[in-house]
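Participant: What follows is a structure written as C-alpha cells; I'll ask about it next.
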Amino acid sequence: MELGRKVERVQKVFKEAKKKFNPPREERMIKVELPEDEIPTSWYNIQADLHKCGMKLPFPTGPGMANLPLIFPPSLLSQELTKDRWVKIPEELMEIYRIWRPTPLYRCKRLEEYLKTPARIYCKSEYVSPPGSHKPNTAVAQAYFNMKDGFEGVTTETGAGQWGSGLCFGAALVGIKCDVFMVRVSYYQKPGRRVMMESWGGRVVPSPSAPPERIYEDMVTETAKKALAEDPNHPGSLGWAISEAIEHALKKPYPLNYSLGSVLNHVLMHQTIVGLEAYKQYELIDEYPDIIFGCTGGGSNHCGQAFPFIKDKLDGKKPDLRIVACEALSCPRLTRPKYIGYDTGDTIGYTPHIWMHSLGCDFVPAKIHAGGLRYHGMAPLLCVLIYSGYHEAQAFPQTEIFEAGRILSMTEGFLTAPETCHCWTGAIREARRCAETGEEKVIHVADSGHGWVDVRGYDEYLKGKLEVLL
Amino acid sequence: MAEARKILLPADEFPKTWYNIVPDIAKTGKKLAEPKDSGRLNRMKEYVAPSLLAQEKSGAIEVPIPDEVRIHLIRTGRPTPLQHAVRLESHLKTPAKIYYKREDIGYSTDSKLTTAVAQAYYVINDGFEKIVGGGGARWGTSLSIAATRIGLKCDFIMPQSYLTLKEPHRILMEVNKTNVFGSPSDLTEVGRKVKESKKYETGNISLAMSEAVERAMEEKKSAFSFGYLFNFVMLHQTLSGVEAKRQFEMIDRYPDVVICPIDDFGFALPFVADKLAGKKPETRFIVTQSKYVPVLTEGKLDYDHADYAELTPLYRFHTLGRSFDPPMIHAGEMRYHGVPPILSHLVEAGIVEVRTYAQTECFEASWEWCRQQGVIPSHETQYVIKAVIDEAVKAKEEGKEEVIVFNNAGHTMLESSGYLELIVDKKLKLP
C-alpha cells in the first residue's frame, strides 16, 4: 500500500525525534496514534482478491433470495456483490467516523513482562468508540446508506446488546429511527445495554413478547405469537429474534429496512477500516505482525482487522503470516463444524441459504457469557479462507478465557469483553510458547470491545461459580 | 481537509509538571485559609503519606510529575484527546465553539485515575503496603486499578447502597483484587456505632471517609486515600487542564468559558491561573452542583471537619454540616457535604460562578448530547452538559462566538442507575 505524504512526514519527524531526544523505549512505544486525516478513505473489498486462494465464493441460493431486495437498500446490496477492490467512503460518513477514529494501536508491555516473553504484543483497541465496540464501524455506514436511499429507519435483533447499541448509535447520528428486538433473557439481564440503546433514541422490545409487555404496538409480530404459543415464558434466542426483525422489516409499518451486524460481505468490508488503520500504524513503527488473533462471532471483527493483512498473504508477499480465528469451545463452528455447506442464517428460514461452516440452524448453544459468539454459522468469506488453508481456527473453554481477562486486567488495566477474551487467550498461549522457544514474534490482537456492561461473568469467575460449558 | 475533530497530544509532549494553584491564590487578595486543629493535623502523619502532606502545603507553582507516574499514566490512556463537538454546534445552530476533553476513554471509567496513580505511587514510596480508600464507586474503581498497577494492597469502603446500585463497579474493583466494604460497616467503631443508631442506612461519602480513616489508623503500614477535597488531589487533577491548555495552543484558540462539575474542578485550575495573572481576564468559570446537595449556595463558609466522625482536621470550606444526609441522587460522587477549600475560596472571590440544576433537566440535556456526539455521559458529567448547552444557547442569542470547554470526566457504562430509572418508570424519583 502506498503511504500518504503525511505519513511519510510523520515518520520522518518521528525518526528525527527518536535520534534527538531518545526518550525511554516505554514512553515511545505505548500508543501508536495516527493523525485524523490519515483515516482510510476507502474500504478494502477482499472479493477482488479472493480467487487467489484457489477457490471462488459460493453464491447464496434458496427461496430466501427473494426477500433480499425487500429488506436491504439497493446501495448495500450492490456493495454486497461488488468486485471492486476499493470502495470509497462518502465524506459525510467520514465526518461521523472522525468522532472516534482513528483508534490507537497499543503495545502491551506489561503483559509481556508478566508472561516473560520475548514476543511483542500489540492490540488495536476498538473500545474507544462511544458504544465501546467495533460494531459502530458498520452500523453508521449501514444507517447512512439506508438514509441515503430514502428509508426512515432500520430494525435489527440483538443478543448481548453490542450490535443493538451500535446500530442505535449509528441511527441516532444519521438521524433515522431504530427498532431493536432484544432476546428476552438478555433484555432483563443486561439493563445497561437497554439504557444505551434508548439513550440514542432506539425503541427496544424483548423478543418474543406480546402487549402489554411489548410497549410499541407497531412492533407486534406473528413470529412472537408462534414462539409464545410454544411457551408463554419463552426465554428467546437469536434465531427467533432475527426472524422477528425480518418480519418487521417485511411488514414495513414505515419505510424501514433490516440490518445485520456481521456475516455479510458488506459488513466485513465496512470493518476493514480498522485493519487498514492498523496497517498504517505498523508502517509508522516499522513492524509487521507474524500472527493475528481475532474472536469470531459472525466474523466481522476479526475479518475487519485481518483482511488488509491477508491481502499481503494472498499476493504472496507474506507467505508466513498466520491468522487465527478464536471461538468458544461450546460453539465450535470452525474447529468442529457439523457440516460445511449451504445453511440458512436464521431459525425460521427467511434468509437465503449461505455456504458456510455451520452447526445447523437449529443448534442451541450453551449459555456462555460471550453471547456474541453463540451463532451457528460464520461469514462465508472467512469460511472460504479457512477451507482453502489460508487461515486457522482455535477454540477455548469459558474458564480459560476469564483467566486471560483477569491477567489482562491485572497487567494492562483494561477490562475486556468476554468475547474479546477469546483472542487474548490465543495470544497469551502463543506468547507463552514464544517464551519457551525464544522467538521474537509480533502478535496482533483484535481488541474488539470492553466488558464494562457485561461484568457479571467476571463476578462468577471470581466466586468460583463459573461453569466450563462444553 | 476539514479542521481536525480531535486534537491529539503526542506522548512526548505529555506534561512533565502539575500546576499548583496554592501560591497563586494570594493574587485574589487573600491567602488560602490554613486548616486548623493541630492535634488532628499531627495525627494525619500516621495515615497519610508524608510526600502527599508535603504537596498539600507546597509553595512551588510547578510540581514535577515523577517519571514512573508519567509512564503509568501514558500506559493507561493519557494524554486524552480534546474533541470538537461540531455536531452539537450545528444541532443547536450556535456560533459558540464547544470543546470537550475525552477523559472517558482511559482504562478507568473516569478522570480520577490521575490522582489515584499519583497517590498510590507516593504511598508505596513512603513505605506503606496497603492503601485504604473511602468514597464513591468511581473513585474506588480508579483507586483499585492504580493500586494493582503499582503493587499495593487495597481496601475500599463505599456507601452501603452503592454495593447493589453500582454493582458493576464493585465487580471491577474485585477483579483488581480490592476488598470492598459497604458503609456503615462492622469493620470500624464508627461504623458499628452508626449502625446501632439506625441512621444513614444508605451510607454517604463523609461516613465512608471516616471509616476509611479509622481503618488506616488502626492497621499498620496502611495509608488513607481520598479522591476529592485535598489540595494535593486538586494538584494531580490539574493534569487534564494542563494538557488541554497545550492542545488549545496547538489550534490557536483559548477558551472563554470553562465548565466543571463540583467534584472535578482541577481541570479548570490551569486556566484560572491565567485569569489570576491578568493574562486572560475575560475567561469565565462555571461550576455545577445538584439542587439536592446545594453546598455552594446553601452551605455555610466556615471551618468544618472533612469527615462525619471528626477524625480529620478542620478545613475552611462551604459545608452543609458533616452530619448532612444527602438524598439518593444518581451522581454518587456529588453526595458530599463540602467542597475543596480551593474551590470555596475561588467562589468566595467571585472568580467562579455556580449553577444549580435538578436531575431531570440534566438527563434531558445529556440525551440531546448523546444523540449528537455519541458519548453517554456519567451522572456527574450530565450537570456540566446541561450548563454547556445553556451557555451555547445563550451565545446564540447574543451572537457571540465563544469557545466553551468542559471535561467529559467519565462515561456511564458501569453505572446506569439513573438512565434505567428514567426509561423504566418514565420519571425520576427525585425530579
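By convention here, the chains of the C-alpha cells are called A, B, ... in the order presented, each chain's residues are numbered starting at 1, and ligands are numbered starting at 1 in the order presented.
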Hey, what's within 6 Å of segment 381-392 of chain B if we count only C-alpha atoms and toss same-chain stuff fewer than 2 positions away? As a list in words, please?
Facilitator: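 The filter keeps Ala96, Pro261, Cys362, Ala365, Ser366, Pro377, Ser378, His379, Lys394 and Ala395 of chain B.
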Participant: Please produce a file of those selected residues containing C-alpha atoms, as a compact mmCIF listing (two decimals), in the first residue's frame.
Facilitator:
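Listed below is the output, selection-v5.txt:
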```
# COMPACT_ATOMS: atom_id res chain seq x y z
CA ALA B 96 -20.14 29.03 20.01
CA PRO B 261 -18.61 19.63 37.92
CA CYS B 362 -29.71 17.26 33.27
CA ALA B 365 -29.63 17.73 28.22
CA SER B 366 -27.47 14.64 28.23
CA PRO B 377 -22.03 10.88 29.94
CA SER B 378 -21.72 9.81 33.56
CA HIS B 379 -24.25 11.14 36.03
CA LYS B 394 -27.05 31.98 25.34
CA ALA B 395 -24.16 32.58 22.96
```
Participant: Quick one: residues within 12 Å of segment 213-225 of chain A, only C-alpha atoms counted, chain neighbours fewer than 3 positions away excluded, as a PyMOL selection string?
Facilitator: (chain A and resi 155-156+178-184+187+202-210+228-237+239-254+347-350) or (chain B and resi 424)
Participant: Using only C-alpha atoms, find each residue of chain B with at least one atom at most 9 Å away from an atom of chain A; report its shortest atom-to-atom pair and that distance in Å (one decimal), sort the rows by chain and rising residue number, and return the result as CSV.
Facilitator:
```
residue,atom,partner,partner_atom,distance
B:Met1,CA,A:Asp37,CA,7.0
B:Ala2,CA,A:Asp37,CA,8.6
B:Ala4,CA,A:Glu36,CA,6.5
B:Arg5,CA,A:Arg98,CA,6.4
B:Lys6,CA,A:Glu36,CA,7.3
B:Ile7,CA,A:Glu36,CA,8.7
B:Leu8,CA,A:Pro35,CA,8.1
B:Pro10,CA,A:Glu33,CA,8.2
B:Ala11,CA,A:Glu27,CA,7.0
B:Asp12,CA,A:Arg28,CA,7.4
B:Arg70,CA,A:Glu27,CA,8.8
B:Ile71,CA,A:Glu27,CA,6.3
B:Ile74,CA,A:Glu27,CA,7.2
B:Arg75,CA,A:Ile30,CA,6.2
B:Thr76,CA,A:Gly413,CA,7.1
B:Gly77,CA,A:Lys31,CA,8.2
B:Gln83,CA,A:Ile99,CA,8.0
B:His84,CA,A:Ile99,CA,8.7
B:Ala85,CA,A:Ile99,CA,8.6
B:Arg87,CA,A:Leu173,CA,8.7
B:Asp104,CA,A:Val128,CA,8.6
B:Ile105,CA,A:Val128,CA,5.6
B:Gly106,CA,A:Val128,CA,8.4
B:Tyr107,CA,A:Phe414,CA,5.0
B:Ser108,CA,A:Phe414,CA,7.4
B:Thr109,CA,A:Trp452,CA,8.9
B:Ile145,CA,A:Gly413,CA,6.3
B:Ala146,CA,A:Gly413,CA,8.5
B:Thr148,CA,A:Met410,CA,6.5
B:Arg149,CA,A:Thr411,CA,6.7
B:Pro168,CA,A:Val455,CA,6.0
B:His169,CA,A:Trp452,CA,8.7
B:Ile171,CA,A:Asp459,CA,5.8
B:Leu172,CA,A:Val455,CA,7.2
B:Glu174,CA,A:Leu462,CA,7.9
B:Val175,CA,A:Arg406,CA,6.7
B:Asn176,CA,A:Met410,CA,6.1
B:Lys177,CA,A:Met410,CA,8.5
B:Ser366,CA,A:Ser199,CA,8.8
B:Trp367,CA,A:Ser199,CA,5.9
B:Glu368,CA,A:Trp200,CA,8.9
B:Cys370,CA,A:Trp200,CA,6.5
B:Arg371,CA,A:Trp200,CA,5.2
B:Gln372,CA,A:Leu173,CA,5.9
B:Gln373,CA,A:Ile99,CA,7.4
B:Gly374,CA,A:Pro130,CA,5.6
B:Val375,CA,A:Pro130,CA,4.8
B:Ile376,CA,A:Pro130,CA,7.3
B:His411,CA,A:Pro130,CA,8.8
B:Thr412,CA,A:Gly192,CA,8.9
B:Met413,CA,A:Val453,CA,5.6
B:Leu414,CA,A:Trp452,CA,5.5
B:Glu415,CA,A:Gly192,CA,7.7
B:Ser416,CA,A:Gly192,CA,6.0
B:Ser417,CA,A:Gly192,CA,8.4
B:Tyr419,CA,A:Val195,CA,6.0
B:Leu420,CA,A:Val195,CA,5.8
B:Ile423,CA,A:Val195,CA,7.2
```
Participant: Just the alpha helix (DSSP H) stuff from segment 142-276 of chain B, please, per backbone DSSP, written as a PyMOL selection string.
Facilitator: chain B and resi 142-150+160-165+167-175+189-197+205-218+231-250+269-276
Participant: Can you tell me, as a list in words, what residues are no more than 7 Å from Leu9 of chain B when counting only C-alpha atoms, ignoring any on the same chain fewer than 3 positions away?
Facilitator: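 What passes the distance filter is Glu13, Pro79, Pro81 and Gln247 of chain B.
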Participant: Kindly indicate which residue among B:His337, B:Arg316, B:Arg322, B:Arg246 lies nearest to Gln289 of chain B, using only C-alpha atoms for the distances.
Facilitator: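 Among the listed residues, the smallest separation from Gln289 of chain B belongs to B:His337.
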Participant: List every residue of segment 141-383 of chain B that DSSP, applied to the backbone of this structure, assigns to strand (DSSP E or B), and report them as a VMD selection string.
Facilitator: chain B and resid 153 to 159 178 to 183 222 to 225 257 to 261 284 to 290 300 to 305 314 to 319 338 352 to 357 377
